[in-house]
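Below is one structure; the comments refer to it alone.
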Amino acid sequence: MHVLILDDDEELGELMQPILAQYGMDLKLAFTPSSAFEQLEAETFDVLLLDMMLPELDGMAVCHKIRGSGAAYSQIPIVALTARAELTDRIVALESGIDDFVAKPVEMRELVARLNAVMRRRRADAAERLQGEVDGSSSTSLELSEAHMSASFGGHVVNLTELEMQIVKALADANGVIVSRAEILERIGYAEHNDPAMIDTIIYRVRQKFRDQGLQTDFIKTLRSQGYRIETRN
């Protein structure tokens with residue numbers, strides 16, 4: 001796994017390099033956002049570890065710049081490193097397009113587990129999407145493209161983050177059946193680490209993206225006290 005870390009704490013990155021190498025992870029270091037963008041332009045990375053407190057731009061601003069860049073690296077999975085691990089901070093991070101987070105001080109076993117989980121989810125999603133294309137079947141009017149990290153509904157197309165794609169796909173795979181927030185977390189491998197309220201935030205964000213593109217009807221339906229489902233087309 002090819003990993004880039006953007007953190008102005010030079011000692012942290014240098015300490016992490018040999019440990020991650022033991023798990024087959026090649027860690028490259030960037031100490032400023034400008035250096036990170038230079039490396040993202042020059043190389044292909046599997047994951048970005050992003051410190052949320054940086055000298056030139058804060059982590060949120062860096063994330064927004066990456067997601068809005070239109071570059072090849074715009075959909076790279078981003079794992080935030082943050083000393084602020086409260087629910088509100090996590091939700092704000094997720095709203096910014098961050099896929100997961102690890103609290104500082106970093107516990108290396110957790111970091112390795114989360115990096116591996118990010119890659120497993122990406123590989124699994126790609127494999128399932130490919131199988132769906134081979135089968136030529138879809139239970140809903142929603143179309144997901146792993147290759148372009150996008151979703152299409154009713155002629156409207158939006159770009160999705162890794163986590164948004166996972167949640168929408170979990171609902172699509174339920175074939176119109178109601179799925180609770182806890183069940184969604186379990187399906188995407190987050191059951192042990194996140195508050196179910198994050199699902200509300202991510203679904204709101206997906207709905208808003210489609211509204212911004214002109215879609216008038218929400219295809220992700222909320223069932224009070226039950227969960228969510230994607231409405232199938234008659």
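Residue numbering restarts at 1 in every chain; chains get A, B, ... in the order shown in the structure tokens, and ligands count up from 1 in that same order.
Residues surrounding A:Met16 within 12 Å are A:Val3, A:Leu4, A:Ile5, A:Asp7, A:Asp9, A:Glu10, A:Glu11, A:Ala21, A:Gln22, A:Tyr23, A:Met25, A:Asp26, A:Leu27, A:Lys28, A:Leu29, A:Leu49, A:Val106, A:Glu107, A:Met108, A:Arg109, A:Leu111, A:Val112 [only C-alpha atoms; sequence separation below 5 positions excluded].
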Restricting the output to C-alpha atoms, write the selected residues as a PDB file, in the first residue's frame.
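Saved result, part-v1.pdb, follows:
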ATOM      1  CA  VAL A   3       0.493   5.962   1.653  1.00  0.00           C
ATOM      2  CA  LEU A   4       1.157   9.704   1.879  1.00  0.00           C
ATOM      3  CA  ILE A   5       1.051  11.475   5.232  1.00  0.00           C
ATOM      4  CA  ASP A   7       1.621  16.308   8.955  1.00  0.00           C
ATOM      5  CA  ASP A   9       5.189  16.917  12.935  1.00  0.00           C
ATOM      6  CA  GLU A  10       8.304  15.544  11.235  1.00  0.00           C
ATOM      7  CA  GLU A  11       9.108  13.143  14.061  1.00  0.00           C
ATOM      8  CA  ALA A  21       6.781  -0.915   6.503  1.00  0.00           C
ATOM      9  CA  GLN A  22       6.391  -4.045   8.623  1.00  0.00           C
ATOM     10  CA  TYR A  23       2.811  -4.256   7.331  1.00  0.00           C
ATOM     11  CA  MET A  25       2.926  -0.065   3.650  1.00  0.00           C
ATOM     12  CA  ASP A  26       5.235   2.420   1.965  1.00  0.00           C
ATOM     13  CA  LEU A  27       4.836   5.774   3.731  1.00  0.00           C
ATOM     14  CA  LYS A  28       5.916   9.004   2.050  1.00  0.00           C
ATOM     15  CA  LEU A  29       6.169  12.229   4.060  1.00  0.00           C
ATOM     16  CA  LEU A  49      -3.236  10.507   6.054  1.00  0.00           C
ATOM     17  CA  VAL A 106      -1.997   7.701  17.097  1.00  0.00           C
ATOM     18  CA  GLU A 107      -2.344   4.082  18.185  1.00  0.00           C
ATOM     19  CA  MET A 108      -0.485   2.247  15.434  1.00  0.00           C
ATOM     20  CA  ARG A 109      -2.523  -0.959  15.523  1.00  0.00           C
ATOM     21  CA  LEU A 111      -4.139   3.042  12.228  1.00  0.00           C
ATOM     22  CA  VAL A 112      -3.041  -0.114  10.398  1.00  0.00           C
TER      23      VAL A 112
END
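Taking atom CA of A:Phe101 as the reference point, atom CA of A:Asp58 is found at 15.1 Å.
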Residues near A:Thr32, cut-off 9 Å, only C-alpha atoms, skip fewer than 6 positions along chain, as a ChimeraX atom specification: /A:6-8,54-57
Output C-alpha atoms of each residue in that selection to a file, as a PDB file, in the first residue's frame.
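And here is the file that came out, again_21.pdb:
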ATOM      1  CA  LEU A   6       0.624  15.241   5.446  1.00  0.00           C
ATOM      2  CA  ASP A   7       1.621  16.308   8.955  1.00  0.00           C
ATOM      3  CA  ASP A   8       3.919  19.117  10.079  1.00  0.00           C
ATOM      4  CA  LEU A  54      -1.501  22.472   9.421  1.00  0.00           C
ATOM      5  CA  PRO A  55       0.591  25.611   8.909  1.00  0.00           C
ATOM      6  CA  GLU A  56      -0.472  26.717   5.397  1.00  0.00           C
ATOM      7  CA  LEU A  57      -4.048  25.394   5.238  1.00  0.00           C
TER       8      LEU A  57
END
Neighbour list for stretch 225-231 of chain A as a PyMOL selection string, cut-off 7 Å, only C-alpha atoms, skip fewer than 5 positions in-chain: chain A and resi 171-172+176-181+219-220
Now that the selection is made, can you save its residues with C-alpha atoms as a PDB file, in the first residue's frame?
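Output (part-v5.pdb):
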ATOM      1  CA  LEU A 171     -28.804   0.933   0.623  1.00  0.00           C
ATOM      2  CA  ALA A 172     -28.933   0.019  -3.066  1.00  0.00           C
ATOM      3  CA  GLY A 176     -35.707  -1.456  -1.446  1.00  0.00           C
ATOM      4  CA  VAL A 177     -35.731  -3.006   2.036  1.00  0.00           C
ATOM      5  CA  ILE A 178     -35.478  -0.633   5.007  1.00  0.00           C
ATOM      6  CA  VAL A 179     -31.993  -0.591   6.535  1.00  0.00           C
ATOM      7  CA  SER A 180     -31.375   0.861   9.994  1.00  0.00           C
ATOM      8  CA  ARG A 181     -28.472   3.177  10.703  1.00  0.00           C
ATOM      9  CA  PHE A 219     -34.870   8.845  -3.757  1.00  0.00           C
ATOM     10  CA  ILE A 220     -33.365   7.956  -0.367  1.00  0.00           C
TER      11      ILE A 220
END
Best match for closeness to A:Gln213 among A:Met52, A:Ile167, A:Leu20, A:Val157, counting only C-alpha atoms: A:Val157
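Here atom CA of A:Tyr204 is placed at a distance of 22.9 Å from atom CA of A:Gly70.
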